[in-house]
Amino acid sequence: MTAVPEGGPGLPQRRTLVTEIPGPASRELSARRAGAVARGVSTVLPVFVTAAGGGVLVDVDGNSLIDFGSGIAVTGVGNAAPRVSSRVAAQAAQFTHTCFMVAPYEGYVEVCESLARLTPGTHEKRSALFNSGAEAVENAVKIARHATGRSAVVAFDHAYHGRTNLTMALTAKNMPYKQGFGPFAAEIYRVPMAYPLRWPDGPDACRAEALGVVKSLIHSQVGESNVAAIIIEPIQGEGGFIVPPKGFLPGLAKFCADNGIVFIADEIQSGFCRTGDWFACSHEGVVPDLITTGKAIADGLPLAGVTGRAALMDAVHPGGLGGTYGGNPVACAAALGAIETMVAEDLAGRARRIGEIMLPRLRKLAEQFPVIADVRGRGAMIAVELTHPGTLEPDAAATAAVAAACHKAGLVVLTCGTFGNVLRFLPPMVIGEDLLEEGLGILEDAFGTL
Ligand code: PLZ
């Protein structure tokens with residue numbers, strides 16, 4: 001047995017397979033896991049990790065895999081990024097917890113100051129910190145309801161906002177997120193997403209019609225004056241990396257402003273440089289009233305936030321927001337290290353470069369393999385949607401087969417989409433170009449196995 005390497009960017013940045021995937025040591029741990037871990041918690045690729053950094057994950061069998069998943073858009077700055085690890089270690093040695101509601105500390109304030117600076121808009125802002133994306137979304141809705149005195153919340157088809165009761169209600173897809181877990185929270189209304197590939201009359205009609213359909217449904221079925229908030233992922237994540245046509249998000253933001261509705265951008269997956277800008281909203285100059293953040297904010301330590309207009313955020317009475325762990329000092333230290341890394345290494349620029357490398361190669365692949373119906377995304381948030389050639393009928397089987405072939409060859413890829421037919425690519429923004437190219441080569445070979 002070789003010594004377990006230390007994680008971080010110093011790990012050899014190459015793919016090395018020394019066993020089949022998963023190897024014997026991982027299989028043994030999987031067997032142990034089956035006797036201890038609830039089966040409802042599932043896993044994409046059952047290799048047990050011992051170290052990770054840059055663009056690789058190292059497993060218990062000594063395999064080094066290329067990471068195109070970043071733990072679902074979390075480790076954008078690279079796993080165990082030095083500025084994160086050192087700040088976390090230093091903070092853990094000082095104190096691990098006080099509860100910000102009992103006795104505060106500077107790190108929490110500094111994270112909120114960073115959020116005010118980095119999120120879209122130059123208006124006066126306030127933030128509150130939480131433990132998970134779902135909790136941030138719940139609180140954004142609480143704040144919007146409190147500030148407006150209204151109860152209805154409008155969410156989109158293909159949306160994903162979490163697994164708690166309110167966020168399950170906001171999430172569109174039944175299996176596996178909602179099946180058997182109802183009843184769900186009330187006063188949630190769903191409208192169609194501007195999904196160019198699947199808009200009934202095609203992408204051009206989507207651009208022309210989607211906003212009108214959304215407005216008219218809200219008018220006829222809910223009533224603008226009853227709507228507290230409209231919540232949208234500027235690029236939908238779990239639902240299939242759906243990028244709405246230009247103009248849709250600004251139009252929605254304007255509709256909200258005109259009707260006293262709080263516009264909530266859920267940037268938990270798309271935020272923090274992932275799409276080639278600090279936030280996906282910024283590609284169209286959209287300034288949300290509230291923005292939810294999580295995932296990449298703290299390189300994997302549990303932290304999430306709600307940031308928004310001071311008047312909205314401060315509408316809530318003292319004591320109305322909180323939680324034992326929200327904005328934990330170690331998680332805040334990680335966030336400050338992650339943000340410092342994003343600035344120092346221009347990770348938004350790196351994300352744009354990743355997109356420039358990936359999109360043309362994937363478009364070429366789509367010409368070669370007609371099972372690829374769409375190539376889309378921005379920066380380092382890229383996907384391909386698979387259908388039976390010449391139709392819009394989702395091909396989840398081919399998607400699963402390509403993902404399995406990638407996994408076998410040592411490339412971690414994730415799937416998503418309401419119909420399970422989207423392969424998504426979320427490499428760490430710090431991934432080396434050689435490794436990125438090698439990963440794309442593996443993906444191309446995987447399509448060849450269909
Ligand atoms: N909003 C836009 O992408 C989390 C879900 C993984 P939590 N997405 C990954 C799974 O299957 O549970 C997500 C998101 C958007 C909210 C969330 C919820 O964030 O930190 O998982 O609660």
# chains A, B, ... in the order shown; residues from 1 in each chain; ligands from 1
$ closest_atom_pairs --of "chain A" --to "ligand 1" --cutoff "7 Å" --atoms "only C-alpha atoms and all ligand atoms" --output "JSON lines"
{"residue": "A:Ile72", "atom": "CA", "partner": "ligand 1", "partner_atom_place_in_ligand_line": "9 (C)", "distance": 6.1}
{"residue": "A:Ser132", "atom": "CA", "partner": "ligand 1", "partner_atom_place_in_ligand_line": "20 (O)", "distance": 3.9}
{"residue": "A:Gly133", "atom": "CA", "partner": "ligand 1", "partner_atom_place_in_ligand_line": "19 (O)", "distance": 3.3}
{"residue": "A:Ala134", "atom": "CA", "partner": "ligand 1", "partner_atom_place_in_ligand_line": "22 (O)", "distance": 3.7}
{"residue": "A:Glu135", "atom": "CA", "partner": "ligand 1", "partner_atom_place_in_ligand_line": "22 (O)", "distance": 6.4}
{"residue": "A:Val137", "atom": "CA", "partner": "ligand 1", "partner_atom_place_in_ligand_line": "16 (C)", "distance": 6.7}
{"residue": "A:Tyr160", "atom": "CA", "partner": "ligand 1", "partner_atom_place_in_ligand_line": "15 (C)", "distance": 5.5}
{"residue": "A:His161", "atom": "CA", "partner": "ligand 1", "partner_atom_place_in_ligand_line": "16 (C)", "distance": 3.8}
{"residue": "A:Gly162", "atom": "CA", "partner": "ligand 1", "partner_atom_place_in_ligand_line": "18 (C)", "distance": 4.0}
{"residue": "A:Arg163", "atom": "CA", "partner": "ligand 1", "partner_atom_place_in_ligand_line": "12 (O)", "distance": 6.6}
{"residue": "A:Glu233", "atom": "CA", "partner": "ligand 1", "partner_atom_place_in_ligand_line": "2 (C)", "distance": 5.8}
{"residue": "A:Gln236", "atom": "CA", "partner": "ligand 1", "partner_atom_place_in_ligand_line": "2 (C)", "distance": 6.6}
{"residue": "A:Gly237", "atom": "CA", "partner": "ligand 1", "partner_atom_place_in_ligand_line": "3 (O)", "distance": 5.3}
{"residue": "A:Glu238", "atom": "CA", "partner": "ligand 1", "partner_atom_place_in_ligand_line": "3 (O)", "distance": 6.0}
{"residue": "A:Asp266", "atom": "CA", "partner": "ligand 1", "partner_atom_place_in_ligand_line": "2 (C)", "distance": 5.5}
{"residue": "A:Glu267", "atom": "CA", "partner": "ligand 1", "partner_atom_place_in_ligand_line": "2 (C)", "distance": 5.9}
{"residue": "A:Ile268", "atom": "CA", "partner": "ligand 1", "partner_atom_place_in_ligand_line": "2 (C)", "distance": 4.8}
{"residue": "A:Gln269", "atom": "CA", "partner": "ligand 1", "partner_atom_place_in_ligand_line": "3 (O)", "distance": 4.4}
{"residue": "A:Gly294", "atom": "CA", "partner": "ligand 1", "partner_atom_place_in_ligand_line": "20 (O)", "distance": 6.3}
{"residue": "A:Lys295", "atom": "CA", "partner": "ligand 1", "partner_atom_place_in_ligand_line": "20 (O)", "distance": 6.2}
$ residues_around --residues "Phe181 (chain A)" --least-positions-apart "5" --cutoff "12 Å" --atoms "only C-alpha atoms" --output "number ranges by chain"
A: 163-169, 174-176
$ closest_residue --among "A:Ala152, A:Ala404, A:Leu436, A:Leu290" --to "Pro22 (chain A)" --atoms "only C-alpha atoms"
A:Ala404
$ closest_atom_pairs --of "region 186-251 of chain A" --to "region 386-390 of chain A" --cutoff "12 Å" --atoms "only C-alpha atoms" --output "Markdown table"
| residue | atom | partner | partner_atom | distance |
| --- | --- | --- | --- | --- |
| A:Leu197 | CA | A:Thr387 | CA | 11.0 |
| A:Arg198 | CA | A:Thr387 | CA | 11.4 |
| A:Gly240 | CA | A:Leu386 | CA | 10.9 |
$ write_last_selection --atoms "C-alpha atoms" --output "mmCIF file, in the first residue's frame"
data_model
loop_
_atom_site.group_PDB
_atom_site.id
_atom_site.type_symbol
_atom_site.label_atom_id
_atom_site.label_comp_id
_atom_site.auth_asym_id
_atom_site.auth_seq_id
_atom_site.Cartn_x
_atom_site.Cartn_y
_atom_site.Cartn_z
ATOM 1 C CA LEU A 197 -34.385 23.654 -27.147
ATOM 2 C CA ARG A 198 -37.753 22.545 -25.787
ATOM 3 C CA GLY A 240 -30.281 20.718 -17.176
#
$ select_by_dssp --residues "region 242-428 of chain A" --states "strand (DSSP E)" --output "MDAnalysis selection string"
chainID A and resid 262:266 290:293 304:309 372:378 381:386 411:412 414:416 422:425
$ atom_distance --atom1 "CA of Val111 (chain A)" --atom2 "CA of Gly323 (chain A)"
16.9 Å
$ select_by_dssp --residues "region 132-380 of chain A" --states "helix (DSSP H, G or I)" --output "PyMOL selection string"
chain A and resi 133-148+165-170+196-198+203-222+224-226+248-259+280-284+295-298+310-313+329-344+347-368
$ atom_distance --atom1 "CA of Glu340 (chain A)" --atom2 "CA of His283 (chain A)"
22.0 Å
$ residues_around --residues "region 213-229 of chain A" --least-positions-apart "2" --cutoff "9 Å" --atoms "only C-alpha atoms" --output "number ranges by chain"
A: 141, 144-155, 189, 191-193, 209-211, 231, 252, 255-256, 259-264
$ atom_distance --atom1 "CA of Gly448 (chain A)" --atom2 "CA of Ala366 (chain A)"
12.0 Å
$ residues_around --residues "region 367-380 of chain A" --least-positions-apart "4" --cutoff "6 Å" --atoms "only C-alpha atoms" --output "list in words"
Arg274, Thr275, Gly276, Ala351, Arg352, Ile354, Gly355, Val384, Glu385, Leu386, Thr387, His388, Pro389 and Leu426 of chain A
$ write_last_selection --atoms "all heavy atoms" --output "compact mmCIF listing (two decimals), in the first residue's frame"
# COMPACT_ATOMS: atom_id res chain seq x y z
N ARG A 274 -18.08 30.80 -11.65
CA ARG A 274 -18.35 29.59 -12.42
C ARG A 274 -18.64 29.88 -13.90
O ARG A 274 -18.17 29.18 -14.79
CB ARG A 274 -19.50 28.83 -11.73
CG ARG A 274 -20.04 27.60 -12.38
CD ARG A 274 -19.05 26.51 -12.70
NE ARG A 274 -18.29 25.95 -11.62
CZ ARG A 274 -17.27 25.08 -11.81
NH1 ARG A 274 -16.94 24.67 -13.03
NH2 ARG A 274 -16.58 24.62 -10.79
N THR A 275 -19.44 30.90 -14.16
CA THR A 275 -19.86 31.15 -15.55
C THR A 275 -18.97 32.16 -16.26
O THR A 275 -19.29 32.60 -17.36
CB THR A 275 -21.32 31.64 -15.61
OG1 THR A 275 -21.38 32.93 -14.95
CG2 THR A 275 -22.28 30.68 -14.91
N GLY A 276 -17.86 32.53 -15.62
CA GLY A 276 -16.96 33.48 -16.26
C GLY A 276 -17.17 34.92 -15.80
O GLY A 276 -16.55 35.84 -16.32
N ALA A 351 -12.43 30.59 -15.94
CA ALA A 351 -13.70 29.94 -16.32
C ALA A 351 -14.04 30.27 -17.77
O ALA A 351 -14.49 29.40 -18.53
CB ALA A 351 -14.82 30.38 -15.38
N ARG A 352 -13.83 31.54 -18.15
CA ARG A 352 -14.12 31.91 -19.55
C ARG A 352 -13.24 31.11 -20.51
O ARG A 352 -13.70 30.62 -21.53
CB ARG A 352 -13.89 33.41 -19.75
CG ARG A 352 -14.94 34.28 -19.07
CD ARG A 352 -14.91 35.71 -19.58
NE ARG A 352 -13.68 36.42 -19.28
CZ ARG A 352 -13.43 37.06 -18.12
NH1 ARG A 352 -14.35 37.08 -17.17
NH2 ARG A 352 -12.28 37.67 -17.92
N ILE A 354 -11.96 28.16 -19.98
CA ILE A 354 -12.46 26.78 -20.01
C ILE A 354 -13.61 26.67 -21.01
O ILE A 354 -13.66 25.76 -21.83
CB ILE A 354 -12.88 26.32 -18.59
CG1 ILE A 354 -11.63 26.13 -17.72
CG2 ILE A 354 -13.72 25.05 -18.64
CD1 ILE A 354 -11.90 25.91 -16.24
N GLY A 355 -14.50 27.64 -20.98
CA GLY A 355 -15.61 27.65 -21.94
C GLY A 355 -15.12 27.75 -23.37
O GLY A 355 -15.64 27.07 -24.27
N VAL A 384 -24.09 19.06 -22.43
CA VAL A 384 -24.66 18.58 -23.69
C VAL A 384 -25.95 17.83 -23.36
O VAL A 384 -26.02 17.12 -22.37
CB VAL A 384 -23.69 17.67 -24.47
CG1 VAL A 384 -22.49 18.46 -24.96
CG2 VAL A 384 -23.23 16.46 -23.66
N GLU A 385 -26.97 18.04 -24.19
CA GLU A 385 -28.24 17.33 -24.00
C GLU A 385 -28.38 16.26 -25.07
O GLU A 385 -28.19 16.52 -26.26
CB GLU A 385 -29.42 18.32 -24.06
CG GLU A 385 -30.75 17.59 -23.95
CD GLU A 385 -31.94 18.45 -23.55
OE1 GLU A 385 -31.76 19.62 -23.18
OE2 GLU A 385 -33.06 17.90 -23.60
N LEU A 386 -28.74 15.05 -24.62
CA LEU A 386 -28.80 13.91 -25.54
C LEU A 386 -30.25 13.52 -25.83
O LEU A 386 -31.06 13.36 -24.90
CB LEU A 386 -28.06 12.70 -24.93
CG LEU A 386 -26.53 12.68 -25.09
CD1 LEU A 386 -25.86 13.87 -24.42
CD2 LEU A 386 -25.95 11.38 -24.54
N THR A 387 -30.53 13.36 -27.12
CA THR A 387 -31.88 12.91 -27.53
C THR A 387 -31.72 11.84 -28.60
O THR A 387 -30.64 11.67 -29.18
CB THR A 387 -32.70 14.07 -28.13
OG1 THR A 387 -32.05 14.50 -29.33
CG2 THR A 387 -32.86 15.23 -27.18
N HIS A 388 -32.82 11.15 -28.86
CA HIS A 388 -32.80 10.23 -30.00
C HIS A 388 -32.66 11.09 -31.24
O HIS A 388 -33.42 12.05 -31.42
CB HIS A 388 -34.08 9.38 -30.01
CG HIS A 388 -34.12 8.42 -28.85
ND1 HIS A 388 -33.46 7.21 -28.88
CD2 HIS A 388 -34.68 8.51 -27.63
CE1 HIS A 388 -33.63 6.59 -27.72
NE2 HIS A 388 -34.36 7.37 -26.93
N PRO A 389 -31.66 10.79 -32.08
CA PRO A 389 -31.31 11.69 -33.18
C PRO A 389 -32.51 12.17 -33.99
O PRO A 389 -33.41 11.39 -34.33
CB PRO A 389 -30.36 10.84 -34.02
CG PRO A 389 -29.70 9.94 -33.03
CD PRO A 389 -30.76 9.63 -32.01
N LEU A 426 -18.40 20.56 -14.93
CA LEU A 426 -18.12 21.61 -13.95
C LEU A 426 -16.70 21.45 -13.43
O LEU A 426 -16.49 21.23 -12.23
CB LEU A 426 -19.10 21.47 -12.78
CG LEU A 426 -20.58 21.73 -13.02
CD1 LEU A 426 -21.44 21.07 -11.94
CD2 LEU A 426 -20.85 23.22 -13.06
$ residues_around --residues "Lys408 (chain A)" --least-positions-apart "3" --cutoff "9 Å" --atoms "only C-alpha atoms" --output "list in words"
Glu20, Ile21, Pro22, Ala403, Ala404, Ala405 and Leu411 of chain A
$ write_last_selection --atoms "C-alpha atoms" --output "JSON list (two decimals), in the first residue's frame"
[["chain", "number", "residue", "atom", "x", "y", "z"],
["A", 20, "GLU", "CA", -10.45, -0.99, -12.38],
["A", 21, "ILE", "CA", -12.89, 1.75, -11.28],
["A", 22, "PRO", "CA", -14.06, 1.32, -8.56],
["A", 403, "ALA", "CA", -21.19, 8.83, -18.06],
["A", 404, "ALA", "CA", -20.39, 5.20, -17.12],
["A", 405, "ALA", "CA", -17.73, 4.95, -19.85],
["A", 411, "LEU", "CA", -13.11, 10.98, -15.66]]
$ closest_residue --among "A:Gly76, A:Gly180, A:Gly326, A:Gly239" --to "Gly420 (chain A)" --atoms "only C-alpha atoms"
A:Gly239
$ residues_around --residues "Gly410 (chain A)" --least-positions-apart "4" --cutoff "10 Å" --atoms "only C-alpha atoms" --output "count of residues only"
18
$ residues_around --residues "region 96-108 of chain A" --least-positions-apart "6" --cutoff "10 Å" --atoms "only C-alpha atoms" --output "PyMOL selection string"
chain A and resi 88+114+127-129+319+321-336
